[in-house]
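To keep things clear, I will list the structure first and then write my remarks on it.
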Amino acid sequence: MQNEGLNFVHRLIQAPGQSRRTLVLLHGTGGDESDLLPLGRALDPEAALLGVRGKVMEGPMPRFFRRLEEGVFDVEDLVFRTHELADFLRGAVATYGLDAANLVAVGYSNGANIAASMLLLEPDVLTHAVLLRSMVPLVPEQLPDLTGRRVFMASGLHDPILPADNAQRLADMLKQAGADVDLQWSNAGHGLLEHEVEQARAFVASLG
Ligand code: MLT
């Protein structure tokens, strides 16, 4: 389903059954709103899937926020884009009648980073999150209260783009904010491995 009134290009696939969960699918650099639909379906066969396309272009590649170079973010743009995406999600909840208490972000790389930023700056929007290859997007002036939020992180020990110590810092920061964080390390680089998809699937299933 497309709705031009909502100001991000997106695709919504309604839940095939009675599930009230929506997976918000946030792609990596160069992806689009359709990219993570197969992953979303693999993680939850019953959920609605909302694929969103980042608005910031880096050459031909859509992203969710600007970066100055690899791993160095334009924080001002990131803050703006985080609130903009949160507004979009509030609008999508109202327009499509989604359950605001059951929005689970599934982000990969750049998409995981904006999902992490949303947890930190707009803590009421996402119920839980799956962060696949993520790092600290920014350090907020004050940590939010993320009590009751569950976060699954899958990180690669040899990821050349998102350094392991940085992923660990993000996990620590989210824990300090009260989130229940499950960080799984793999002997992997930036690309996701099949067993990590299975770990993420089990996490989503455990959300009930
Ligand atoms: C980012 O820019 O968010 C990270 O470097 C990951 C990516 O390149 O997508």
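Within each chain, counting starts at residue 1; across the structure tokens, chains are named A, B, ... in the order shown, with ligands numbered 1 upward in that order.
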
For ligand 1, collect every residue having any atom at a distance of at most 7 Å from a ligand atom (counting only C-alpha atoms and all ligand atoms); output as a PDB file with C-alpha atoms, in the first residue's frame.
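Contents of selection_36.pdb, freshly written:
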ATOM      1  CA  GLY A  28      21.150  -0.029   4.803  1.00  0.00           C
ATOM      2  CA  THR A  29      22.895   2.518   2.588  1.00  0.00           C
ATOM      3  CA  ARG A  67      27.321  11.268   6.999  1.00  0.00           C
ATOM      4  CA  GLU A  70      32.163   6.442   6.715  1.00  0.00           C
ATOM      5  CA  GLY A  71      31.348   6.159  10.405  1.00  0.00           C
ATOM      6  CA  PHE A  73      27.790  11.266  11.076  1.00  0.00           C
ATOM      7  CA  SER A 109      23.430  -0.871   9.148  1.00  0.00           C
ATOM      8  CA  ASN A 110      22.373   2.708   8.361  1.00  0.00           C
ATOM      9  CA  GLY A 111      18.763   1.697   9.121  1.00  0.00           C
ATOM     10  CA  ASN A 113      21.664   3.368  13.281  1.00  0.00           C
ATOM     11  CA  ILE A 161      32.360  -0.381   8.955  1.00  0.00           C
ATOM     12  CA  LEU A 162      30.901  -0.655  12.450  1.00  0.00           C
TER      13      LEU A 162
END

Next item on the list: as number ranges by chain, please: all residues of range 67-178 of chain A that backbone DSSP puts in helix (DSSP H, G or I).
Entry: A: 75-96, 100-102, 110-121, 164-176

Checklist line | Neighbour list for Ser186 in chain A as number ranges by chain, cut-off 8 Å, only C-alpha atoms, skip fewer than 2 positions in-chain | finding: A: 154-157, 184, 188, 196

Would you put the residues from that selection into a file with N, CA, C and O atoms, as a tab-separated table (two decimals), in the first residue's frame?
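File produced: out.tsv:
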chain	number	residue	atom	x	y	z
A	154	ALA	N	22.76	-7.68	16.63
A	154	ALA	CA	23.67	-8.67	16.04
A	154	ALA	C	24.83	-7.90	15.45
A	154	ALA	O	24.65	-7.04	14.58
A	155	SER	N	26.03	-8.19	15.96
A	155	SER	CA	27.20	-7.45	15.52
A	155	SER	C	28.30	-8.40	15.09
A	155	SER	O	28.40	-9.52	15.59
A	156	GLY	N	29.11	-7.91	14.15
A	156	GLY	CA	30.20	-8.73	13.62
A	156	GLY	C	31.51	-8.36	14.31
A	156	GLY	O	31.86	-7.18	14.39
A	157	LEU	N	32.23	-9.35	14.77
A	157	LEU	CA	33.51	-9.09	15.45
A	157	LEU	C	34.53	-8.45	14.51
A	157	LEU	O	35.43	-7.75	14.94
A	184	GLN	N	24.36	-10.12	20.42
A	184	GLN	CA	24.96	-11.37	19.95
A	184	GLN	C	26.11	-11.06	19.01
A	184	GLN	O	25.94	-10.34	18.03
A	188	ALA	N	32.03	-12.52	12.12
A	188	ALA	CA	31.50	-12.06	10.84
A	188	ALA	C	31.96	-10.64	10.57
A	188	ALA	O	32.49	-9.96	11.46
A	196	GLU	N	22.36	-15.55	12.26
A	196	GLU	CA	21.95	-14.30	12.92
A	196	GLU	C	20.48	-13.98	12.60
A	196	GLU	O	19.77	-13.43	13.44

DSSP-assigned strand (DSSP E) among range 96-154 of chain A, expressed as a short mmCIF file (atom, residue, chain, number, x, y, z; two decimals) with N, CA, C and O atoms, in the first residue's frame:
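Saved result, part03.cif, follows:
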data_model
loop_
_atom_site.label_atom_id
_atom_site.label_comp_id
_atom_site.auth_asym_id
_atom_site.auth_seq_id
_atom_site.Cartn_x
_atom_site.Cartn_y
_atom_site.Cartn_z
N LEU A 103 5.15 -1.71 17.66
CA LEU A 103 6.00 -1.34 16.51
C LEU A 103 7.41 -1.81 16.81
O LEU A 103 8.05 -1.34 17.75
N VAL A 104 7.89 -2.72 16.00
CA VAL A 104 9.23 -3.27 16.21
C VAL A 104 10.11 -2.87 15.04
O VAL A 104 9.84 -3.25 13.89
N ALA A 105 11.14 -2.09 15.30
CA ALA A 105 12.05 -1.71 14.22
C ALA A 105 12.95 -2.89 13.88
O ALA A 105 13.42 -3.60 14.77
N VAL A 106 13.18 -3.07 12.59
CA VAL A 106 14.19 -4.01 12.13
C VAL A 106 15.10 -3.20 11.20
O VAL A 106 14.70 -2.83 10.10
N GLY A 107 16.29 -2.87 11.69
CA GLY A 107 17.18 -2.04 10.89
C GLY A 107 18.47 -2.75 10.60
O GLY A 107 19.00 -3.49 11.45
N TYR A 108 18.97 -2.51 9.40
CA TYR A 108 20.29 -3.04 9.03
C TYR A 108 21.21 -1.86 8.75
O TYR A 108 20.89 -0.97 7.96
N HIS A 128 10.01 -2.11 20.46
CA HIS A 128 11.22 -2.92 20.59
C HIS A 128 12.03 -2.72 19.31
O HIS A 128 11.53 -2.13 18.35
N ALA A 129 13.26 -3.27 19.30
CA ALA A 129 14.06 -3.07 18.09
C ALA A 129 15.02 -4.23 17.85
O ALA A 129 15.54 -4.85 18.79
N VAL A 130 15.24 -4.50 16.58
CA VAL A 130 16.24 -5.46 16.12
C VAL A 130 17.28 -4.64 15.36
O VAL A 130 16.97 -4.05 14.32
N LEU A 131 18.48 -4.56 15.92
CA LEU A 131 19.53 -3.72 15.33
C LEU A 131 20.61 -4.63 14.77
O LEU A 131 21.39 -5.23 15.52
N LEU A 132 20.63 -4.72 13.45
CA LEU A 132 21.57 -5.61 12.78
C LEU A 132 22.73 -4.77 12.25
O LEU A 132 22.54 -3.94 11.36
N ARG A 150 12.75 -3.93 24.59
CA ARG A 150 13.72 -5.00 24.36
C ARG A 150 14.44 -4.75 23.04
O ARG A 150 13.81 -4.38 22.04
N VAL A 151 15.75 -4.94 23.07
CA VAL A 151 16.57 -4.67 21.88
C VAL A 151 17.45 -5.88 21.61
O VAL A 151 18.17 -6.36 22.49
N PHE A 152 17.36 -6.38 20.38
CA PHE A 152 18.27 -7.43 19.93
C PHE A 152 19.32 -6.79 19.02
O PHE A 152 18.98 -6.04 18.12
N MET A 153 20.58 -7.05 19.31
CA MET A 153 21.65 -6.54 18.44
C MET A 153 22.47 -7.72 17.91
O MET A 153 22.82 -8.62 18.68
N ALA A 154 22.76 -7.68 16.63
CA ALA A 154 23.67 -8.67 16.04
C ALA A 154 24.83 -7.90 15.45
O ALA A 154 24.65 -7.04 14.58
#

Next item on the list: Would you list the contacts of Ala42 in chain A as a ChimeraX atom specification, taking every protein, DNA or RNA residue within 12 Å and counting only C-alpha atoms, but skipping same-chain residues closer than 5 positions in sequence?
Entry: /A:23,36-37,47,49,106,194,196-202,204-205

Just the selected residues (N, CA, C and O atoms), exported as a PDB file, in the first residue's frame, please.
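And here's out_1.pdb as it stands now:
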ATOM      1  N   LEU A  23       6.432  -4.744  11.808  1.00  0.00           N
ATOM      2  CA  LEU A  23       7.880  -4.607  11.717  1.00  0.00           C
ATOM      3  C   LEU A  23       8.177  -3.398  10.834  1.00  0.00           C
ATOM      4  O   LEU A  23       7.726  -3.338   9.686  1.00  0.00           O
ATOM      5  N   LEU A  36      14.086  -4.997   2.641  1.00  0.00           N
ATOM      6  CA  LEU A  36      14.067  -5.876   3.816  1.00  0.00           C
ATOM      7  C   LEU A  36      12.746  -6.630   3.974  1.00  0.00           C
ATOM      8  O   LEU A  36      12.535  -7.283   4.997  1.00  0.00           O
ATOM      9  N   LEU A  37      11.879  -6.544   2.958  1.00  0.00           N
ATOM     10  CA  LEU A  37      10.598  -7.262   3.085  1.00  0.00           C
ATOM     11  C   LEU A  37      10.809  -8.768   3.261  1.00  0.00           C
ATOM     12  O   LEU A  37      10.196  -9.381   4.147  1.00  0.00           O
ATOM     13  N   ALA A  47       3.375 -10.796  11.010  1.00  0.00           N
ATOM     14  CA  ALA A  47       3.330  -9.344  11.276  1.00  0.00           C
ATOM     15  C   ALA A  47       3.002  -8.547  10.013  1.00  0.00           C
ATOM     16  O   ALA A  47       3.220  -9.008   8.893  1.00  0.00           O
ATOM     17  N   LEU A  49       4.207  -5.553   7.640  1.00  0.00           N
ATOM     18  CA  LEU A  49       5.557  -5.100   7.298  1.00  0.00           C
ATOM     19  C   LEU A  49       5.463  -3.692   6.731  1.00  0.00           C
ATOM     20  O   LEU A  49       4.703  -3.448   5.789  1.00  0.00           O
ATOM     21  N   VAL A 106      13.178  -3.067  12.591  1.00  0.00           N
ATOM     22  CA  VAL A 106      14.192  -4.009  12.126  1.00  0.00           C
ATOM     23  C   VAL A 106      15.098  -3.204  11.197  1.00  0.00           C
ATOM     24  O   VAL A 106      14.697  -2.828  10.100  1.00  0.00           O
ATOM     25  N   GLU A 194      23.414 -16.355   8.177  1.00  0.00           N
ATOM     26  CA  GLU A 194      22.119 -17.008   8.304  1.00  0.00           C
ATOM     27  C   GLU A 194      21.727 -17.270   9.768  1.00  0.00           C
ATOM     28  O   GLU A 194      20.573 -17.095  10.147  1.00  0.00           O
ATOM     29  N   GLU A 196      22.364 -15.546  12.257  1.00  0.00           N
ATOM     30  CA  GLU A 196      21.950 -14.298  12.917  1.00  0.00           C
ATOM     31  C   GLU A 196      20.483 -13.982  12.604  1.00  0.00           C
ATOM     32  O   GLU A 196      19.769 -13.428  13.435  1.00  0.00           O
ATOM     33  N   VAL A 197      20.076 -14.332  11.379  1.00  0.00           N
ATOM     34  CA  VAL A 197      18.661 -14.169  11.023  1.00  0.00           C
ATOM     35  C   VAL A 197      17.821 -15.072  11.925  1.00  0.00           C
ATOM     36  O   VAL A 197      16.776 -14.667  12.446  1.00  0.00           O
ATOM     37  N   GLU A 198      18.317 -16.276  12.162  1.00  0.00           N
ATOM     38  CA  GLU A 198      17.602 -17.212  13.032  1.00  0.00           C
ATOM     39  C   GLU A 198      17.548 -16.673  14.474  1.00  0.00           C
ATOM     40  O   GLU A 198      16.507 -16.742  15.140  1.00  0.00           O
ATOM     41  N   GLN A 199      18.652 -16.088  14.937  1.00  0.00           N
ATOM     42  CA  GLN A 199      18.649 -15.499  16.289  1.00  0.00           C
ATOM     43  C   GLN A 199      17.624 -14.360  16.374  1.00  0.00           C
ATOM     44  O   GLN A 199      16.904 -14.223  17.369  1.00  0.00           O
ATOM     45  N   ALA A 200      17.595 -13.536  15.324  1.00  0.00           N
ATOM     46  CA  ALA A 200      16.650 -12.410  15.319  1.00  0.00           C
ATOM     47  C   ALA A 200      15.211 -12.919  15.265  1.00  0.00           C
ATOM     48  O   ALA A 200      14.321 -12.370  15.913  1.00  0.00           O
ATOM     49  N   ARG A 201      14.999 -13.997  14.503  1.00  0.00           N
ATOM     50  CA  ARG A 201      13.654 -14.578  14.415  1.00  0.00           C
ATOM     51  C   ARG A 201      13.204 -15.069  15.803  1.00  0.00           C
ATOM     52  O   ARG A 201      12.075 -14.815  16.239  1.00  0.00           O
ATOM     53  N   ALA A 202      14.114 -15.750  16.481  1.00  0.00           N
ATOM     54  CA  ALA A 202      13.770 -16.261  17.816  1.00  0.00           C
ATOM     55  C   ALA A 202      13.484 -15.096  18.765  1.00  0.00           C
ATOM     56  O   ALA A 202      12.565 -15.165  19.612  1.00  0.00           O
ATOM     57  N   VAL A 204      12.263 -12.107  17.943  1.00  0.00           N
ATOM     58  CA  VAL A 204      10.932 -11.535  17.614  1.00  0.00           C
ATOM     59  C   VAL A 204       9.836 -12.460  18.143  1.00  0.00           C
ATOM     60  O   VAL A 204       8.852 -11.999  18.735  1.00  0.00           O
ATOM     61  N   ALA A 205      10.036 -13.772  17.964  1.00  0.00           N
ATOM     62  CA  ALA A 205       9.028 -14.734  18.456  1.00  0.00           C
ATOM     63  C   ALA A 205       8.876 -14.623  19.971  1.00  0.00           C
ATOM     64  O   ALA A 205       7.773 -14.753  20.519  1.00  0.00           O
TER      65      ALA A 205
END

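The coordinates place CA of Ser117 in chain A at 10.8 Å from CA of Phe64 in chain A.
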
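Here CA of Ile13 in chain A and CA of Leu43 in chain A stand 14.3 Å from one another.
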